[in-house]
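Visitor: One structure, as structure tokens, below. Some questions next.
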Amino acid sequence: MIINKKILVTGAAGFIGHHLVRELKRNNNDIVCLIPPGENTSLLKDLEVKIIYGDITQKECLVGAVDEIDYIFHLAARLGGRDNPLLYRVNLEGTKNLINVCREQKVKPERFLFISSTAVVGPSGKHNTHNEETACRPVSHYGKSKLMAEQYLGALKGKFPHTIIRLPLVYGPGSRGGLFVFFKMLNKRISLSFGNGETNLLYVGDAVEGIINAAANPMTVGETYILGENKIYSFRQIRDTIIKIIKKRPVKLFIPFHLMYFIAIFFELIARATKSRSLLTRNELKSYVKYRYWRFDTYKAARDFGFRHRVSLAQGLRTTYDWYKQRNWI
């Protein structure tokens, strides 16, 4: 548990970020949120937090943000899209900037918690299960950029107290990615068939609890952990569970991968024009359609700091669906 600390959260206005900020506020922490200029902060509007608007790729924006900080939770990231150079500038150079400003300002946080992704490791294949010791073979620029940031942190082991958390597909209230596409389509009675696959999942509340507990535990300094349910789900299980919740029988459609790829480009162009989150990105499409098996072992986190998921898939999907419906997202 982290109590009465001054904490910097980057990516605080995002899906996981705003849930993390809310949980940290419950323990009387003083929160500083670093947010890019122009980003929607509506998810934070009811919280007493300090907001600093700054671009993480511009080092000078970070000097004031790290002042007298006890903990840093670094969630700011670019997920994908057309601009790969920007993705590397945010995910790699932005991380370097944040660390280097701390070191130059002689700010040594109790912990620098870096949020990474299982995309760093890459797909497992149908018959394998990956863990923290698996050689990393990312198949996306997002995964590659996160791996490079991890490697930069790894070179500072013993000099800069950090912990790396690799997250699988995280879902829950506020998410416009991942399973949101499933909810959106199934609510319209459309079930897109790409063939089967398997993946770990994690409800956002469990993800936040695991992130905080990892940051607070002295055993986790310099370590890397994969979080997720200790159960691997097939795409069919996920789809069927959502169908039971929404109580609508969908029509099954098969769409070839190449056609979905062009649809993803179309969604990305709309999102770019409207400055919103794309309903489907090429990165997501490749990850969960072309590479269908993302099987991971979460034993290390359970062993070292007692990580356990508390919310079942059915409970988490029900809460998420109700949240979407209440806000007319679907």
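Each chain in the structure tokens gets a letter, A, B, ..., in the order shown, and its residues are numbered from 1; ligands are numbered from 1 in order too.
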With the cut-off set at 8 Å and counting only C-alpha atoms, tabulate each residue of segment 11-124 of chain A with an atom at most that distance from an atom of segment 209-220 of chain A, showing the nearest atom pair and its distance in Å to one decimal, ordered by chain and increasing number, as JSON lines.

Guide:
{"residue": "A:Arg111", "atom": "CA", "partner": "A:Ala215", "partner_atom": "CA", "distance": 6.2}
{"residue": "A:Phe112", "atom": "CA", "partner": "A:Ala215", "partner_atom": "CA", "distance": 7.7}
{"residue": "A:Leu113", "atom": "CA", "partner": "A:Ala215", "partner_atom": "CA", "distance": 6.1}

Visitor: Write the residues of the preceding selection, restricted to C-alpha atoms, as a PDB file, in the first residue's frame.

Guide:
ATOM      1  CA  ARG A 111      10.004   3.531  -7.321  1.00  0.00           C
ATOM      2  CA  PHE A 112       9.661   4.193 -11.035  1.00  0.00           C
ATOM      3  CA  LEU A 113       6.854   1.883 -12.165  1.00  0.00           C
TER       4      LEU A 113
END

Visitor: Which residues are close to segment 310-323 of chain A, i.e. within 7 Å by only C-alpha atoms, leaving aside same-chain residues fewer than 5 positions away? Reply as a count of residues only.

Guide: 7

Visitor: Can you pull out the residues contacting His74 of chain A? Cut-off 10 Å, using only C-alpha atoms, and skip same-chain residues under 3 positions away; I want them as a CSV table (one decimal) with N, CA and C atoms, in the first residue's frame.

Guide:
chain,number,residue,atom,x,y,z
A,8,LEU,N,3.7,11.1,-9.2
A,8,LEU,CA,3.5,11.5,-10.6
A,8,LEU,C,2.9,10.4,-11.4
A,9,VAL,N,1.9,10.7,-12.1
A,9,VAL,CA,1.3,9.7,-13.0
A,9,VAL,C,1.3,10.3,-14.4
A,10,THR,N,2.0,9.6,-15.3
A,10,THR,CA,1.9,10.0,-16.8
A,10,THR,C,0.8,9.2,-17.4
A,11,GLY,N,0.2,9.7,-18.4
A,11,GLY,CA,-0.9,9.0,-19.0
A,11,GLY,C,-2.1,9.0,-18.1
A,12,ALA,N,-2.3,9.9,-17.2
A,12,ALA,CA,-3.3,9.9,-16.2
A,12,ALA,C,-4.7,10.0,-16.7
A,17,GLY,N,-4.9,4.8,-16.7
A,17,GLY,CA,-4.4,5.9,-15.9
A,17,GLY,C,-5.4,6.5,-14.9
A,34,LEU,N,0.6,14.2,-15.4
A,34,LEU,CA,1.2,14.8,-16.6
A,34,LEU,C,0.4,14.4,-17.8
A,71,TYR,N,7.0,8.7,-5.9
A,71,TYR,CA,6.7,7.6,-6.8
A,71,TYR,C,6.4,8.1,-8.2
A,77,ALA,N,1.8,6.5,-23.3
A,77,ALA,CA,2.3,5.7,-24.4
A,77,ALA,C,1.4,5.9,-25.6
A,94,GLY,N,10.4,9.4,-24.9
A,94,GLY,CA,9.7,10.0,-23.8
A,94,GLY,C,10.0,9.3,-22.4
A,95,THR,N,10.2,8.0,-22.4
A,95,THR,CA,10.6,7.3,-21.2
A,95,THR,C,12.0,7.7,-20.8
A,98,LEU,N,12.0,11.2,-19.2
A,98,LEU,CA,11.5,11.2,-17.8
A,98,LEU,C,12.6,10.7,-16.9
A,112,PHE,N,10.1,3.8,-9.7
A,112,PHE,CA,9.7,4.2,-11.0
A,112,PHE,C,9.0,3.0,-11.6
A,113,LEU,N,7.6,3.0,-11.7
A,113,LEU,CA,6.9,1.9,-12.2
A,113,LEU,C,6.5,2.1,-13.6
A,114,PHE,N,7.1,1.2,-14.5
A,114,PHE,CA,7.0,1.4,-15.9
A,114,PHE,C,5.9,0.4,-16.4
A,115,ILE,N,4.9,0.9,-17.1
A,115,ILE,CA,3.9,0.0,-17.6
A,115,ILE,C,4.2,-0.3,-19.0
A,116,SER,N,4.5,-1.6,-19.2
A,116,SER,CA,4.8,-2.2,-20.5
A,116,SER,C,3.7,-3.1,-21.0
A,164,ILE,N,9.1,-3.1,-13.8
A,164,ILE,CA,8.4,-3.2,-15.1
A,164,ILE,C,7.2,-4.1,-15.0

Visitor: From the set A:Ser191, A:Asn97, A:Asn84, A:Asn128, which residue has the shortest atom-to-atom contact distance to Ser145 of chain A, counting only C-alpha atoms?

Guide: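 Selected residue with least distance to Ser145 of chain A: A:Asn84.
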
Visitor: Quick one: everything within 12 Å of segment 59-62 of chain A, counting only C-alpha atoms, minus sequence neighbours fewer than 5 positions away in the same chain. Send it as a ChimeraX atom specification.

Guide: /A:8-10,32-37,52-54,67,69,89-90,93-105,107

Visitor: May I have the residues from that selection written out with C-alpha atoms, as a PDB file, in the first residue's frame?

Guide:
ATOM      1  CA  LEU A   8       3.519  11.534 -10.599  1.00  0.00           C
ATOM      2  CA  VAL A   9       1.275   9.667 -13.033  1.00  0.00           C
ATOM      3  CA  THR A  10       1.890  10.031 -16.755  1.00  0.00           C
ATOM      4  CA  VAL A  32       0.462  15.126 -10.106  1.00  0.00           C
ATOM      5  CA  CYS A  33      -0.918  14.209 -13.527  1.00  0.00           C
ATOM      6  CA  LEU A  34       1.204  14.807 -16.619  1.00  0.00           C
ATOM      7  CA  ILE A  35      -1.119  15.166 -19.588  1.00  0.00           C
ATOM      8  CA  PRO A  36      -0.436  16.168 -23.226  1.00  0.00           C
ATOM      9  CA  PRO A  37      -1.869  19.565 -24.222  1.00  0.00           C
ATOM     10  CA  ILE A  52       0.554  19.643 -15.610  1.00  0.00           C
ATOM     11  CA  TYR A  53       0.158  19.911 -19.357  1.00  0.00           C
ATOM     12  CA  GLY A  54       3.302  18.821 -21.128  1.00  0.00           C
ATOM     13  CA  ASP A  67       9.981  17.960  -8.340  1.00  0.00           C
ATOM     14  CA  ILE A  69       8.166  13.197  -6.290  1.00  0.00           C
ATOM     15  CA  ARG A  89       9.447   9.209 -29.771  1.00  0.00           C
ATOM     16  CA  VAL A  90       6.697   8.805 -27.175  1.00  0.00           C
ATOM     17  CA  GLU A  93      12.415   8.770 -26.076  1.00  0.00           C
ATOM     18  CA  GLY A  94       9.665   9.968 -23.750  1.00  0.00           C
ATOM     19  CA  THR A  95      10.623   7.305 -21.220  1.00  0.00           C
ATOM     20  CA  LYS A  96      14.292   8.232 -21.534  1.00  0.00           C
ATOM     21  CA  ASN A  97      13.428  11.906 -21.033  1.00  0.00           C
ATOM     22  CA  LEU A  98      11.494  11.214 -17.847  1.00  0.00           C
ATOM     23  CA  ILE A  99      14.271   9.093 -16.354  1.00  0.00           C
ATOM     24  CA  ASN A 100      17.059  11.463 -17.385  1.00  0.00           C
ATOM     25  CA  VAL A 101      15.281  14.527 -15.980  1.00  0.00           C
ATOM     26  CA  CYS A 102      14.942  12.704 -12.657  1.00  0.00           C
ATOM     27  CA  ARG A 103      18.631  11.872 -12.620  1.00  0.00           C
ATOM     28  CA  GLU A 104      19.696  15.371 -13.678  1.00  0.00           C
ATOM     29  CA  GLN A 105      17.465  16.957 -11.021  1.00  0.00           C
ATOM     30  CA  VAL A 107      15.265  13.109  -7.929  1.00  0.00           C
TER      31      VAL A 107
END

Visitor: If we count only C-alpha atoms and set the cut-off at 10 Å, which residues sit around Lys25 of chain A, ignoring sequence neighbours fewer than 2 positions away in its own chain? Please answer as an NGL selection string.

Guide: :A and (2-5 or 7 or 20-23 or 27-31 or 47-49)

Visitor: How would the residues just chosen look if you wrote them out with C-alpha atoms as a PDB file, in the first residue's frame?

Guide:
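Final file, part_1.pdb:
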ATOM      1  CA  ILE A   2       1.177   3.528  -0.817  1.00  0.00           C
ATOM      2  CA  ILE A   3      -0.071   6.227   1.590  1.00  0.00           C
ATOM      3  CA  ASN A   4       0.569   9.979   1.955  1.00  0.00           C
ATOM      4  CA  LYS A   5       3.068  10.175  -0.894  1.00  0.00           C
ATOM      5  CA  ILE A   7       3.070  10.695  -6.927  1.00  0.00           C
ATOM      6  CA  LEU A  20      -4.969   4.277 -11.127  1.00  0.00           C
ATOM      7  CA  VAL A  21      -5.266   7.918 -10.050  1.00  0.00           C
ATOM      8  CA  ARG A  22      -8.612   7.246  -8.362  1.00  0.00           C
ATOM      9  CA  GLU A  23      -7.204   4.313  -6.410  1.00  0.00           C
ATOM     10  CA  ASN A  27      -5.057   6.591   0.336  1.00  0.00           C
ATOM     11  CA  ASN A  28      -4.529  10.320   0.710  1.00  0.00           C
ATOM     12  CA  ASN A  29      -1.757  10.588  -1.851  1.00  0.00           C
ATOM     13  CA  ASP A  30      -0.889  13.884  -3.514  1.00  0.00           C
ATOM     14  CA  ILE A  31      -1.189  13.236  -7.264  1.00  0.00           C
ATOM     15  CA  LEU A  47     -10.688  14.502  -8.471  1.00  0.00           C
ATOM     16  CA  GLU A  48      -8.457  16.877  -6.523  1.00  0.00           C
ATOM     17  CA  VAL A  49      -5.249  16.436  -8.482  1.00  0.00           C
TER      18      VAL A  49
END

Visitor: Might you pull out every residue within 7 Å of Phe235 of chain A, with only C-alpha atoms counted and same-chain residues fewer than 4 positions away left off, and present them as an MDAnalysis selection string?

Guide: chainID A and resid 196:198 239

Visitor: Save out the residues we just selected, N, CA and C atoms, as a CSV table (one decimal), in the first residue's frame.

Guide:
chain,number,residue,atom,x,y,z
A,196,ASN,N,-10.4,-19.1,-34.3
A,196,ASN,CA,-10.2,-19.0,-32.9
A,196,ASN,C,-8.8,-18.6,-32.5
A,197,GLY,N,-8.6,-18.2,-31.2
A,197,GLY,CA,-7.3,-17.9,-30.7
A,197,GLY,C,-7.5,-17.9,-29.2
A,198,GLU,N,-6.4,-17.5,-28.5
A,198,GLU,CA,-6.4,-17.5,-27.0
A,198,GLU,C,-5.6,-16.4,-26.4
A,239,ARG,N,-16.4,-14.1,-26.5
A,239,ARG,CA,-17.6,-13.7,-27.3
A,239,ARG,C,-18.9,-14.3,-26.6

Visitor: Rounded to one decimal place, report the atom CA of Glu132 of chain A-atom CA of Asn230 of chain A distance in Å.

Guide: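 Computing the Euclidean distance for atom CA of Glu132 of chain A and atom CA of Asn230 of chain A yields 14.5 Å.
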
Visitor: Out of A:Trp329, A:Gly80, A:His141, A:Leu192, which residue has the shortest atom-to-atom distance to Arg272 of chain A when counting only C-alpha atoms?

Guide: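 Closest to Arg272 of chain A, using only C-alpha atoms: A:Gly80.
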
Visitor: Which is closer to Asp240 of chain A than all the others in A:Tyr142, A:Phe262, A:Leu186, A:Asn328, using only C-alpha atoms?

Guide: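 The answer is A:Leu186, which sits nearest to Asp240 of chain A.
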
Visitor: Which one is closest to Lys248 of chain A: A:Thr199, A:Asn187, A:Ser117, A:Thr134? Count only C-alpha atoms.

Guide: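 Looking at the shortest contact to Lys248 of chain A, the residue is A:Asn187.
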
Visitor: Kindly indicate which residue among A:Lys159, A:Lys231, A:Arg282, A:His19 lies nearest to Ala264 of chain A, using only C-alpha atoms for the distances.

Guide: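 Among the listed residues, the smallest separation from Ala264 of chain A belongs to A:Arg282.
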
Visitor: As a PyMOL selection string, please: every residue in segment 84-305 of chain A that DSSP puts in strand (DSSP E).

Guide: chain A and resi 111-117+162-167+169-171+190-193+198-199+201-203+224-226+233-234+251-254+293-294
